[in-house]
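A.B. asks: Okay, handing you the structure first.
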Amino acid sequence: MNKHIAVLAGDGIGPEITEGAVLVLKKVAAAFGHTFSFEPLLMGGCAIDACGEPLPAHTVERCLASDAVLLGAVGGPKWDTLPGDRRPEKGLLGIRKAMGLYSNIRPARLWKALADASPLKSALVENGVEIIVVRELTGGIYFGKRGSYSDETMGETAWDTEQYSVREIERITRIACELARKRSGRVISVDKANVLETSRLWRRTVHAYAEAHFPDVTVTDMLVDNAAMQIVKNPAQFDVLLTSNMFGDILSDEAAQVTGSIGMLASSSLGDTTCGLYEPIHGSAPDIAGTDAANPIATILAAAMMLRDSFGMTKECAAVERAVEAVLAEGWRTADIMSAGMKQIGCREMARRIAEHVS
């Protein structure tokens with residue numbers, strides 16, 4: 001299978017971690033008989049320096065022509081004084097909009113070898129944890145009508161509107177169910193249907209759409225306050241967790257904290273096509289850029305998500321995840337996940353060892 005991948009290395013440690021992910025993808029291609037081509041493109045601070053803008057039109061054009069996009073990280077203090085519409089982060093928002101990406105998928109996985117990094121009791125995480133939060137990205141209260149006014153009795157008063165349509169809920173449900181179909185076949189839909197009208201529409205729509213289009217996927221409901229409690233009480237019960245923009249924003253951070261290491265967490269943004277945007281959730285870490293100290297695993301795992309969710313390569317995705325697990329089990333660590341008794345290596349060596357284990 002031939003696939004063309006746009007690579008937005010970005011700023012700070014971005015070039016180092018994407019280089020590691022590309023190395024692993026090349027090993028996947030060789031091991032499984034695929035052909036992957038990689039096209040480096042500018043976005044973020046490096047694009048500002050070269051072109052005067054964070055997201056050049058050429059980058060957008062080539063990303064839209066690709067089969068998937070791999071992103072490193074953008075931003076840094078060098079560009080902090082620029083106006084908001086010219087900052088590196090504007091490029092990230094722009095490419096998401098240009099690609100029509102309305103869902104954010106963030107797996108929070110605690111690997112068995114890193115169980116001690118979790119703040120939870122070992123009995124809760126000893127068998128590993130992986131919660132995939134599927135968050136609606138372009139609707140809800142963050143994008144609803146809002147305003148403020150002065151009230152003579154109560155003082156300044158502000159309001160925000162939570163609004164969802166059937167179409168918005170259906171399309172994010174499709175994303176969650178497609179992911180679940182490749183995994184356990186289970187989705188937990190999180191809402192506040194005992195209070196919010198939007199949540200009642202959410203719940204009805206999720207079930208109606210799933211029953212009509214994904215009869216092989218089991219969908220259950222959980223109220224958001226209970227979900228927040230259950231993530232820290234029994235995180236192993238979750239697999240695919242589907243929720244709205246605001247609830248997803250909060251719950252994905254809570255789930256990420258369960259893993260204990262931001263350097264291990266990948267994410268993707270998807271829309272109506274299979275061309276998604278894949279990236280680590282951490283930032284550009286300019287203080288360690290160029291020192292070979294970065295952890296490439298989150299970006300490598302983002303590449304694994306690309307294999308599964310954009311290319312339909314489930315076996316190849318599993319091979320990368322097994323390779324990561326094997327290297328961690330051997331005791332190899334980058335500085336951010338280093339612990340007593342382990343063996344510290346750099347970014348390049350970690351990527352090389354993971355690639356070596358892909359089969």
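For the structure tokens, the naming scheme is as follows: chains receive sequential letters (A, B, ...) according to their order of presentation, residues are indexed from 1 within each chain, and ligands are indexed from 1 in presentation order.
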Check region 210-305 of chain A with DSSP on the backbone and list each residue it calls helix (DSSP H, G or I), as a ChimeraX atom specification.

C.D. replies: /A:210-213,224-233,235-237,245-259,262-264,286-288,297-305

A.B. asks: Those residues you just picked out, can you put them in a file as a PDB file, in the first residue's frame with C-alpha atoms?

C.D. replies:
ATOM      1  CA  ALA A 210     -25.174   3.757  16.809  1.00  0.00           C
ATOM      2  CA  GLU A 211     -28.108   1.331  16.647  1.00  0.00           C
ATOM      3  CA  ALA A 212     -28.763   2.204  12.999  1.00  0.00           C
ATOM      4  CA  HIS A 213     -25.170   2.188  11.740  1.00  0.00           C
ATOM      5  CA  VAL A 224     -20.099  13.328  33.619  1.00  0.00           C
ATOM      6  CA  ASP A 225     -19.706  13.687  37.387  1.00  0.00           C
ATOM      7  CA  ASN A 226     -19.773   9.915  37.795  1.00  0.00           C
ATOM      8  CA  ALA A 227     -17.305   9.539  34.893  1.00  0.00           C
ATOM      9  CA  ALA A 228     -14.868  11.895  36.613  1.00  0.00           C
ATOM     10  CA  MET A 229     -15.081   9.774  39.750  1.00  0.00           C
ATOM     11  CA  GLN A 230     -14.810   6.446  37.918  1.00  0.00           C
ATOM     12  CA  ILE A 231     -11.657   7.483  36.008  1.00  0.00           C
ATOM     13  CA  VAL A 232      -9.749   7.695  39.283  1.00  0.00           C
ATOM     14  CA  LYS A 233     -11.681   4.900  41.034  1.00  0.00           C
ATOM     15  CA  PRO A 235      -9.906   3.488  35.124  1.00  0.00           C
ATOM     16  CA  ALA A 236      -9.589  -0.008  33.661  1.00  0.00           C
ATOM     17  CA  GLN A 237     -13.358  -0.146  33.015  1.00  0.00           C
ATOM     18  CA  ASN A 245     -16.394  19.591  23.784  1.00  0.00           C
ATOM     19  CA  MET A 246     -16.303  20.926  27.340  1.00  0.00           C
ATOM     20  CA  PHE A 247     -16.693  17.581  29.101  1.00  0.00           C
ATOM     21  CA  GLY A 248     -14.025  16.100  26.820  1.00  0.00           C
ATOM     22  CA  ASP A 249     -11.655  18.953  27.545  1.00  0.00           C
ATOM     23  CA  ILE A 250     -11.868  18.252  31.273  1.00  0.00           C
ATOM     24  CA  LEU A 251     -12.023  14.447  31.242  1.00  0.00           C
ATOM     25  CA  SER A 252      -9.150  14.005  28.770  1.00  0.00           C
ATOM     26  CA  ASP A 253      -6.828  15.952  31.079  1.00  0.00           C
ATOM     27  CA  GLU A 254      -7.966  13.882  34.046  1.00  0.00           C
ATOM     28  CA  ALA A 255      -7.415  10.652  32.123  1.00  0.00           C
ATOM     29  CA  ALA A 256      -3.994  11.863  30.980  1.00  0.00           C
ATOM     30  CA  GLN A 257      -2.940  12.484  34.570  1.00  0.00           C
ATOM     31  CA  VAL A 258      -3.702   8.844  35.400  1.00  0.00           C
ATOM     32  CA  THR A 259      -0.788   7.823  33.145  1.00  0.00           C
ATOM     33  CA  ILE A 262       2.815  13.623  29.288  1.00  0.00           C
ATOM     34  CA  GLY A 263       5.749  12.467  27.141  1.00  0.00           C
ATOM     35  CA  MET A 264       3.914   9.236  26.350  1.00  0.00           C
ATOM     36  CA  PRO A 286      12.504  24.739  23.481  1.00  0.00           C
ATOM     37  CA  ASP A 287      14.712  24.423  26.566  1.00  0.00           C
ATOM     38  CA  ILE A 288      15.827  20.922  25.516  1.00  0.00           C
ATOM     39  CA  ILE A 297       7.379   7.927  22.141  1.00  0.00           C
ATOM     40  CA  ALA A 298       4.264  10.140  22.075  1.00  0.00           C
ATOM     41  CA  THR A 299       4.967  11.048  18.454  1.00  0.00           C
ATOM     42  CA  ILE A 300       5.705   7.424  17.580  1.00  0.00           C
ATOM     43  CA  LEU A 301       2.394   6.412  19.149  1.00  0.00           C
ATOM     44  CA  ALA A 302       0.679   9.185  17.177  1.00  0.00           C
ATOM     45  CA  ALA A 303       2.148   7.599  14.050  1.00  0.00           C
ATOM     46  CA  ALA A 304       0.713   4.266  15.211  1.00  0.00           C
ATOM     47  CA  MET A 305      -2.718   5.899  15.468  1.00  0.00           C
TER      48      MET A 305
END

A.B. asks: From the DSSP assignment of the backbone, select every residue of region 184-274 of chain A that is strand (DSSP E or B), and format the answer as an MDAnalysis selection string.

C.D. replies: chainID A and resid 186:191 218:223 240:243 266:271

A.B. asks: Which one is closest to Arg167 (chain A): A:Thr205, A:Thr138, A:Ser148, A:Ser103? Count only C-alpha atoms.

C.D. replies: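 Checking each candidate against Arg167 (chain A), we get A:Thr205 as the closest.
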
A.B. asks: Give me the residues near Met342 (chain A) as a list in words, where near means some atom within 7 Å (using only C-alpha atoms) and where sequence neighbours in that chain fewer than 5 positions away do not count.

C.D. replies: Gly331, Trp332 and Arg333 of chain A

A.B. asks: What does the distance from CA of Pro88 (chain A) to CA of Asp272 (chain A) come to in Å, to one decimal?

C.D. replies: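 Answer for the CA of Pro88 (chain A) to CA of Asp272 (chain A) separation: 25.8 Å.
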
A.B. asks: Set the distance at 12 Å and use only C-alpha atoms: which residues neighbour Met338 (chain A) once local chain neighbours fewer than 2 positions away are removed? I'd like the list as a PDB file with N, CA and C atoms, in the first residue's frame.

C.D. replies:
ATOM      1  N   ALA A 113       4.988  -1.187  32.241  1.00  0.00           N
ATOM      2  CA  ALA A 113       6.352  -0.896  32.682  1.00  0.00           C
ATOM      3  C   ALA A 113       6.472   0.448  33.385  1.00  0.00           C
ATOM      4  N   LEU A 114       5.480   1.313  33.207  1.00  0.00           N
ATOM      5  CA  LEU A 114       5.509   2.642  33.818  1.00  0.00           C
ATOM      6  C   LEU A 114       4.431   2.802  34.882  1.00  0.00           C
ATOM      7  N   ASP A 116       4.450   2.629  37.980  1.00  0.00           N
ATOM      8  CA  ASP A 116       4.855   3.402  39.154  1.00  0.00           C
ATOM      9  C   ASP A 116       4.733   4.906  38.933  1.00  0.00           C
ATOM     10  N   ALA A 117       4.611   5.338  37.667  1.00  0.00           N
ATOM     11  CA  ALA A 117       4.496   6.772  37.372  1.00  0.00           C
ATOM     12  C   ALA A 117       3.097   7.302  37.635  1.00  0.00           C
ATOM     13  N   SER A 261       2.658  10.560  32.794  1.00  0.00           N
ATOM     14  CA  SER A 261       3.737  11.072  31.941  1.00  0.00           C
ATOM     15  C   SER A 261       3.183  11.653  30.658  1.00  0.00           C
ATOM     16  N   GLY A 263       4.867  12.817  28.255  1.00  0.00           N
ATOM     17  CA  GLY A 263       5.749  12.467  27.141  1.00  0.00           C
ATOM     18  C   GLY A 263       5.366  11.201  26.423  1.00  0.00           C
ATOM     19  N   ALA A 293      17.446  15.085  24.190  1.00  0.00           N
ATOM     20  CA  ALA A 293      16.860  14.671  25.470  1.00  0.00           C
ATOM     21  C   ALA A 293      15.356  14.415  25.385  1.00  0.00           C
ATOM     22  N   ASN A 295      11.603  12.956  24.475  1.00  0.00           N
ATOM     23  CA  ASN A 295      11.001  11.630  24.415  1.00  0.00           C
ATOM     24  C   ASN A 295      10.193  11.528  23.120  1.00  0.00           C
ATOM     25  N   LEU A 328      10.309  -0.525  26.607  1.00  0.00           N
ATOM     26  CA  LEU A 328      10.090  -0.114  27.996  1.00  0.00           C
ATOM     27  C   LEU A 328      10.333  -1.286  28.945  1.00  0.00           C
ATOM     28  N   GLY A 331      13.760  -1.837  30.036  1.00  0.00           N
ATOM     29  CA  GLY A 331      14.317  -0.867  30.977  1.00  0.00           C
ATOM     30  C   GLY A 331      14.893   0.392  30.374  1.00  0.00           C
ATOM     31  N   TRP A 332      14.702   0.614  29.070  1.00  0.00           N
ATOM     32  CA  TRP A 332      15.227   1.820  28.426  1.00  0.00           C
ATOM     33  C   TRP A 332      14.291   2.997  28.699  1.00  0.00           C
ATOM     34  N   ARG A 333      14.861   4.152  29.030  1.00  0.00           N
ATOM     35  CA  ARG A 333      14.068   5.328  29.391  1.00  0.00           C
ATOM     36  C   ARG A 333      14.723   6.610  28.856  1.00  0.00           C
ATOM     37  N   THR A 334      13.901   7.552  28.426  1.00  0.00           N
ATOM     38  CA  THR A 334      14.391   8.906  28.207  1.00  0.00           C
ATOM     39  C   THR A 334      14.314   9.646  29.541  1.00  0.00           C
ATOM     40  N   ALA A 335      14.888  10.843  29.596  1.00  0.00           N
ATOM     41  CA  ALA A 335      15.041  11.540  30.876  1.00  0.00           C
ATOM     42  C   ALA A 335      13.711  11.789  31.580  1.00  0.00           C
ATOM     43  N   ASP A 336      12.660  12.070  30.833  1.00  0.00           N
ATOM     44  CA  ASP A 336      11.385  12.435  31.456  1.00  0.00           C
ATOM     45  C   ASP A 336      10.690  11.276  32.139  1.00  0.00           C
ATOM     46  N   ALA A 340      14.731   4.882  39.079  1.00  0.00           N
ATOM     47  CA  ALA A 340      15.840   4.111  39.630  1.00  0.00           C
ATOM     48  C   ALA A 340      15.907   2.714  39.023  1.00  0.00           C
ATOM     49  N   GLY A 341      17.099   2.314  38.650  1.00  0.00           N
ATOM     50  CA  GLY A 341      17.305   0.981  38.111  1.00  0.00           C
ATOM     51  C   GLY A 341      17.121   0.864  36.612  1.00  0.00           C
ATOM     52  N   MET A 342      16.664   1.934  35.964  1.00  0.00           N
ATOM     53  CA  MET A 342      16.446   1.923  34.523  1.00  0.00           C
ATOM     54  C   MET A 342      17.684   2.450  33.788  1.00  0.00           C
ATOM     55  N   LYS A 343      17.682   2.361  32.456  1.00  0.00           N
ATOM     56  CA  LYS A 343      18.828   2.764  31.636  1.00  0.00           C
ATOM     57  C   LYS A 343      18.436   3.947  30.758  1.00  0.00           C
ATOM     58  N   GLN A 344      19.069   5.083  30.957  1.00  0.00           N
ATOM     59  CA  GLN A 344      18.693   6.304  30.250  1.00  0.00           C
ATOM     60  C   GLN A 344      19.360   6.388  28.877  1.00  0.00           C
ATOM     61  N   ILE A 345      18.546   6.744  27.884  1.00  0.00           N
ATOM     62  CA  ILE A 345      19.045   6.955  26.525  1.00  0.00           C
ATOM     63  C   ILE A 345      18.412   8.228  25.965  1.00  0.00           C
ATOM     64  N   GLY A 346      18.887   8.660  24.798  1.00  0.00           N
ATOM     65  CA  GLY A 346      18.385   9.873  24.184  1.00  0.00           C
ATOM     66  C   GLY A 346      17.256   9.616  23.202  1.00  0.00           C
TER      67      GLY A 346
END
